[in-house]
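**Q** First the structure, which I've put down as structure tokens, then a few questions once you've had a look.
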Amino acid sequence: MAETDKSATAAQQVGGEQIPPGKPMTMEQHMLDKGAQMLQSLKPIKQMNQHICTFALYSHDMSRQIETHHYATRLNQDFLQCAVYDSDDSTGRLIGVEYIVSDKIFETLAPDEQKLWHSHAYEIKSGLLVNPRVPEMVVRPELENLAKTYGKFWCTWQTDRGDVLPVGPPALMMSPQAVNLGMVKPDLLKKRDDKYNLSSDALKTARVEIAEPEWINPQADYWKQHGKGFYVDVETTEMKKMVPFP
């Protein structure tokens, strides 16, 4: 069994809490946080200018599918970085990070590295990936760009299995695809669509003219070609000793 699954039973015994354990914030703490917010620039956070809602599947167990909310910062035309939450509520939990690169950058990666990445074309063409509450015509140029990108998403807090704390090693996530295990469960999709009053089927029709990549590197979406995923286990190892300065 993967290490990432071993704490599932223990987590469920906590009592089904949906937030981390701890005391409610005091009025003093609220005031301290507000003061810090006023005095500090928080520049990296303020560069997050896009909210993307989509779905992800665990690489080592693709029967587990989750709705994800990515708050993206574009560092340049070829690279985005996303803080990933399990909801868009004020109490949403930070469950991971995704890096997104253009096809040009992806082709420079080593083959073993490419295996850890997934493509985005199907997510976009199928209407699964959305920018909540933003008109489709406004995000159309960005969707056309994202259709040709690849992402690497590490989940650090598996709230879907009941973990009330971020325990265990990170889990590699994959994107939905139009084959067998890659199909998003209908009830999960309906719940998301109902929440934002949208139709993934209608979006799929509206996006039919978005150009698909001429070629999707087969090293990405590795499971589709090889039927195998990836997981991370923690091993004990000898520490590197510091060499005394001569």
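Residues in the structure tokens are named by chain (A, B, ... in the order shown) and by number from 1 within that chain; ligands are numbered from 1 in the order shown.
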Sorted by chain and rising residue number, list the residues of range 57-121 of chain A at most 10 Å from range 221-238 of chain A (counting only C-alpha atoms), each with its closest atom pair and distance in Å to one decimal, as a tab-separated table.
**A**
```
residue	atom	partner	partner_atom	distance
A:Tyr58	CA	A:Gly229	CA	8.5
A:Ser59	CA	A:Gly229	CA	4.8
A:His60	CA	A:Gly229	CA	5.0
A:Asp61	CA	A:Gly229	CA	7.9
A:Met62	CA	A:Gly229	CA	8.7
A:Gln114	CA	A:Tyr222	CA	8.5
A:Lys115	CA	A:Tyr222	CA	5.5
A:Leu116	CA	A:Tyr222	CA	7.5
A:Trp117	CA	A:Asp221	CA	6.6
A:His118	CA	A:Asp221	CA	4.8
A:Ser119	CA	A:Asp221	CA	6.5
A:His120	CA	A:Asp221	CA	9.8
```
**Q** Would you please extract all helix (DSSP H, G or I) residues from range 26-178 of chain A, as assigned by DSSP on the backbone, and give them as a PDB file with N, CA and C atoms, in the first residue's frame?
**A**
```
ATOM      1  N   MET A  27     -10.282  37.586  19.110  1.00  0.00           N
ATOM      2  CA  MET A  27     -10.389  38.931  18.566  1.00  0.00           C
ATOM      3  C   MET A  27      -9.004  39.566  18.444  1.00  0.00           C
ATOM      4  N   GLU A  28      -8.137  39.291  19.415  1.00  0.00           N
ATOM      5  CA  GLU A  28      -6.778  39.833  19.354  1.00  0.00           C
ATOM      6  C   GLU A  28      -6.036  39.331  18.119  1.00  0.00           C
ATOM      7  N   GLN A  29      -6.216  38.047  17.813  1.00  0.00           N
ATOM      8  CA  GLN A  29      -5.538  37.485  16.642  1.00  0.00           C
ATOM      9  C   GLN A  29      -6.063  38.110  15.358  1.00  0.00           C
ATOM     10  N   HIS A  30      -7.391  38.320  15.302  1.00  0.00           N
ATOM     11  CA  HIS A  30      -7.971  38.982  14.130  1.00  0.00           C
ATOM     12  C   HIS A  30      -7.360  40.372  13.949  1.00  0.00           C
ATOM     13  N   MET A  31      -7.208  41.100  15.038  1.00  0.00           N
ATOM     14  CA  MET A  31      -6.646  42.446  14.967  1.00  0.00           C
ATOM     15  C   MET A  31      -5.185  42.424  14.530  1.00  0.00           C
ATOM     16  N   LEU A  32      -4.430  41.467  15.050  1.00  0.00           N
ATOM     17  CA  LEU A  32      -3.034  41.332  14.650  1.00  0.00           C
ATOM     18  C   LEU A  32      -2.925  41.023  13.154  1.00  0.00           C
ATOM     19  N   ASP A  33      -3.781  40.128  12.675  1.00  0.00           N
ATOM     20  CA  ASP A  33      -3.753  39.774  11.253  1.00  0.00           C
ATOM     21  C   ASP A  33      -4.121  40.959  10.367  1.00  0.00           C
ATOM     22  N   LYS A  34      -5.138  41.726  10.787  1.00  0.00           N
ATOM     23  CA  LYS A  34      -5.537  42.898  10.021  1.00  0.00           C
ATOM     24  C   LYS A  34      -4.422  43.929   9.973  1.00  0.00           C
ATOM     25  N   GLY A  35      -3.743  44.113  11.106  1.00  0.00           N
ATOM     26  CA  GLY A  35      -2.638  45.052  11.154  1.00  0.00           C
ATOM     27  C   GLY A  35      -1.505  44.643  10.242  1.00  0.00           C
ATOM     28  N   ALA A  36      -1.169  43.354  10.270  1.00  0.00           N
ATOM     29  CA  ALA A  36      -0.105  42.853   9.409  1.00  0.00           C
ATOM     30  C   ALA A  36      -0.481  43.008   7.940  1.00  0.00           C
ATOM     31  N   GLN A  37      -1.754  42.780   7.634  1.00  0.00           N
ATOM     32  CA  GLN A  37      -2.221  42.908   6.257  1.00  0.00           C
ATOM     33  C   GLN A  37      -2.084  44.342   5.759  1.00  0.00           C
ATOM     34  N   MET A  38      -2.326  45.302   6.632  1.00  0.00           N
ATOM     35  CA  MET A  38      -2.223  46.712   6.258  1.00  0.00           C
ATOM     36  C   MET A  38      -0.772  47.157   6.077  1.00  0.00           C
ATOM     37  N   LEU A  39       0.143  46.570   6.844  1.00  0.00           N
ATOM     38  CA  LEU A  39       1.526  47.015   6.846  1.00  0.00           C
ATOM     39  C   LEU A  39       2.414  46.271   5.850  1.00  0.00           C
ATOM     40  N   LYS A  43       3.025  40.940  -1.859  1.00  0.00           N
ATOM     41  CA  LYS A  43       3.109  41.055  -3.318  1.00  0.00           C
ATOM     42  C   LYS A  43       2.851  39.745  -4.065  1.00  0.00           C
ATOM     43  N   PRO A  44       3.441  38.619  -3.653  1.00  0.00           N
ATOM     44  CA  PRO A  44       3.166  37.386  -4.403  1.00  0.00           C
ATOM     45  C   PRO A  44       1.686  37.018  -4.427  1.00  0.00           C
ATOM     46  N   ILE A  45       1.012  37.225  -3.283  1.00  0.00           N
ATOM     47  CA  ILE A  45      -0.409  36.870  -3.203  1.00  0.00           C
ATOM     48  C   ILE A  45      -1.238  37.765  -4.123  1.00  0.00           C
ATOM     49  N   LYS A  46      -0.899  39.033  -4.184  1.00  0.00           N
ATOM     50  CA  LYS A  46      -1.672  39.973  -4.997  1.00  0.00           C
ATOM     51  C   LYS A  46      -1.494  39.757  -6.489  1.00  0.00           C
ATOM     52  N   ASP A 103       3.952  24.215 -24.090  1.00  0.00           N
ATOM     53  CA  ASP A 103       4.482  23.045 -24.779  1.00  0.00           C
ATOM     54  C   ASP A 103       5.957  23.240 -25.142  1.00  0.00           C
ATOM     55  N   LYS A 104       6.350  24.481 -25.413  1.00  0.00           N
ATOM     56  CA  LYS A 104       7.745  24.774 -25.750  1.00  0.00           C
ATOM     57  C   LYS A 104       8.669  24.399 -24.586  1.00  0.00           C
ATOM     58  N   ILE A 105       8.304  24.788 -23.357  1.00  0.00           N
ATOM     59  CA  ILE A 105       9.120  24.457 -22.194  1.00  0.00           C
ATOM     60  C   ILE A 105       9.032  22.966 -21.886  1.00  0.00           C
ATOM     61  N   PHE A 106       7.853  22.395 -22.027  1.00  0.00           N
ATOM     62  CA  PHE A 106       7.690  20.971 -21.712  1.00  0.00           C
ATOM     63  C   PHE A 106       8.636  20.113 -22.537  1.00  0.00           C
ATOM     64  N   PRO A 111      12.822  13.063 -20.285  1.00  0.00           N
ATOM     65  CA  PRO A 111      11.703  12.122 -20.386  1.00  0.00           C
ATOM     66  C   PRO A 111      11.171  11.633 -19.044  1.00  0.00           C
ATOM     67  N   ASP A 112      12.076  11.344 -18.089  1.00  0.00           N
ATOM     68  CA  ASP A 112      11.614  10.884 -16.774  1.00  0.00           C
ATOM     69  C   ASP A 112      10.842  11.963 -16.032  1.00  0.00           C
ATOM     70  N   GLU A 113      11.190  13.219 -16.269  1.00  0.00           N
ATOM     71  CA  GLU A 113      10.458  14.325 -15.661  1.00  0.00           C
ATOM     72  C   GLU A 113       9.098  14.500 -16.337  1.00  0.00           C
ATOM     73  N   GLN A 114       9.040  14.337 -17.640  1.00  0.00           N
ATOM     74  CA  GLN A 114       7.790  14.513 -18.381  1.00  0.00           C
ATOM     75  C   GLN A 114       6.705  13.548 -17.918  1.00  0.00           C
ATOM     76  N   ALA A 121      -5.464  19.833 -22.671  1.00  0.00           N
ATOM     77  CA  ALA A 121      -6.346  20.028 -23.829  1.00  0.00           C
ATOM     78  C   ALA A 121      -7.743  19.454 -23.590  1.00  0.00           C
ATOM     79  N   TYR A 122      -7.827  18.226 -23.089  1.00  0.00           N
ATOM     80  CA  TYR A 122      -9.142  17.613 -22.899  1.00  0.00           C
ATOM     81  C   TYR A 122      -9.960  18.357 -21.853  1.00  0.00           C
ATOM     82  N   GLU A 123      -9.330  18.765 -20.750  1.00  0.00           N
ATOM     83  CA  GLU A 123     -10.047  19.511 -19.712  1.00  0.00           C
ATOM     84  C   GLU A 123     -10.755  20.726 -20.293  1.00  0.00           C
ATOM     85  N   ILE A 124     -10.083  21.395 -21.193  1.00  0.00           N
ATOM     86  CA  ILE A 124     -10.622  22.639 -21.746  1.00  0.00           C
ATOM     87  C   ILE A 124     -11.658  22.347 -22.822  1.00  0.00           C
ATOM     88  N   LYS A 125     -11.331  21.472 -23.746  1.00  0.00           N
ATOM     89  CA  LYS A 125     -12.256  21.177 -24.839  1.00  0.00           C
ATOM     90  C   LYS A 125     -13.569  20.556 -24.338  1.00  0.00           C
ATOM     91  N   GLU A 136     -17.496  33.529 -20.843  1.00  0.00           N
ATOM     92  CA  GLU A 136     -16.660  32.675 -21.683  1.00  0.00           C
ATOM     93  C   GLU A 136     -15.876  33.477 -22.716  1.00  0.00           C
ATOM     94  N   MET A 137     -16.482  34.494 -23.263  1.00  0.00           N
ATOM     95  CA  MET A 137     -15.801  35.281 -24.289  1.00  0.00           C
ATOM     96  C   MET A 137     -14.603  36.039 -23.714  1.00  0.00           C
ATOM     97  N   VAL A 138     -14.647  36.336 -22.419  1.00  0.00           N
ATOM     98  CA  VAL A 138     -13.542  37.050 -21.784  1.00  0.00           C
ATOM     99  C   VAL A 138     -12.337  36.136 -21.600  1.00  0.00           C
ATOM    100  N   VAL A 139     -12.595  34.881 -21.213  1.00  0.00           N
ATOM    101  CA  VAL A 139     -11.485  33.956 -20.932  1.00  0.00           C
ATOM    102  C   VAL A 139     -11.073  33.149 -22.163  1.00  0.00           C
ATOM    103  N   ARG A 140     -11.735  33.346 -23.274  1.00  0.00           N
ATOM    104  CA  ARG A 140     -11.429  32.534 -24.465  1.00  0.00           C
ATOM    105  C   ARG A 140      -9.949  32.581 -24.862  1.00  0.00           C
ATOM    106  N   PRO A 141      -9.301  33.738 -24.923  1.00  0.00           N
ATOM    107  CA  PRO A 141      -7.873  33.748 -25.286  1.00  0.00           C
ATOM    108  C   PRO A 141      -7.008  32.941 -24.318  1.00  0.00           C
ATOM    109  N   GLU A 142      -7.326  33.031 -23.022  1.00  0.00           N
ATOM    110  CA  GLU A 142      -6.543  32.280 -22.042  1.00  0.00           C
ATOM    111  C   GLU A 142      -6.787  30.784 -22.194  1.00  0.00           C
ATOM    112  N   LEU A 143      -8.012  30.381 -22.489  1.00  0.00           N
ATOM    113  CA  LEU A 143      -8.312  28.973 -22.703  1.00  0.00           C
ATOM    114  C   LEU A 143      -7.535  28.431 -23.908  1.00  0.00           C
ATOM    115  N   GLU A 144      -7.447  29.231 -24.942  1.00  0.00           N
ATOM    116  CA  GLU A 144      -6.698  28.811 -26.132  1.00  0.00           C
ATOM    117  C   GLU A 144      -5.224  28.611 -25.801  1.00  0.00           C
ATOM    118  N   ASN A 145      -4.690  29.447 -24.914  1.00  0.00           N
ATOM    119  CA  ASN A 145      -3.300  29.275 -24.486  1.00  0.00           C
ATOM    120  C   ASN A 145      -3.144  28.032 -23.607  1.00  0.00           C
ATOM    121  N   LEU A 146      -4.051  27.860 -22.646  1.00  0.00           N
ATOM    122  CA  LEU A 146      -3.940  26.753 -21.703  1.00  0.00           C
ATOM    123  C   LEU A 146      -4.112  25.394 -22.372  1.00  0.00           C
ATOM    124  N   THR A 159      -7.821  16.035   1.777  1.00  0.00           N
ATOM    125  CA  THR A 159      -9.058  16.274   2.527  1.00  0.00           C
ATOM    126  C   THR A 159     -10.193  15.372   2.049  1.00  0.00           C
ATOM    127  N   ASP A 160     -10.113  14.873   0.833  1.00  0.00           N
ATOM    128  CA  ASP A 160     -11.191  14.041   0.309  1.00  0.00           C
ATOM    129  C   ASP A 160     -11.313  12.706   1.044  1.00  0.00           C
ATOM    130  N   ARG A 161     -10.232  12.240   1.676  1.00  0.00           N
ATOM    131  CA  ARG A 161     -10.293  10.978   2.407  1.00  0.00           C
ATOM    132  C   ARG A 161     -10.515  11.204   3.908  1.00  0.00           C
TER     133      ARG A 161
END
```
**Q** Name the closest residue to Pro170 in chain A among the candidates A:Gly127, A:Pro218, A:Gly96, A:Pro186; distances are taken between atoms, counting only C-alpha atoms.
**A**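 When distances to Pro170 in chain A are compared using only C-alpha atoms, the smallest one comes from A:Gly96.
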**Q** From a DSSP pass on the backbone, collect the residues of range 29-235 of chain A flagged as strand (DSSP E or B) and hand them back as an MDAnalysis selection string.
**A** chainID A and resid 50:58 61:76 79:85 94:102 118:119 130 149:155 171:174
**Q** Just the residues within 6 Å of Leu80 in chain A, please, counting only C-alpha atoms, with nothing from its chain fewer than 3 positions along; format it as number ranges by chain.
**A** A: 73-75, 99-100
**Q** With only C-alpha atoms as the basis for distance, which of A:Ala147, A:Val101, A:Ala56, A:Val184 is at the shortest distance from Phe79 in chain A?
**A** A:Val101
**Q** Between A:Asp78, A:Glu98, A:Asp89, A:Glu67, which one has atoms that come closest to Thr156 in chain A, using only C-alpha atoms?
**A**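 Selected residue with least distance to Thr156 in chain A: A:Glu98.
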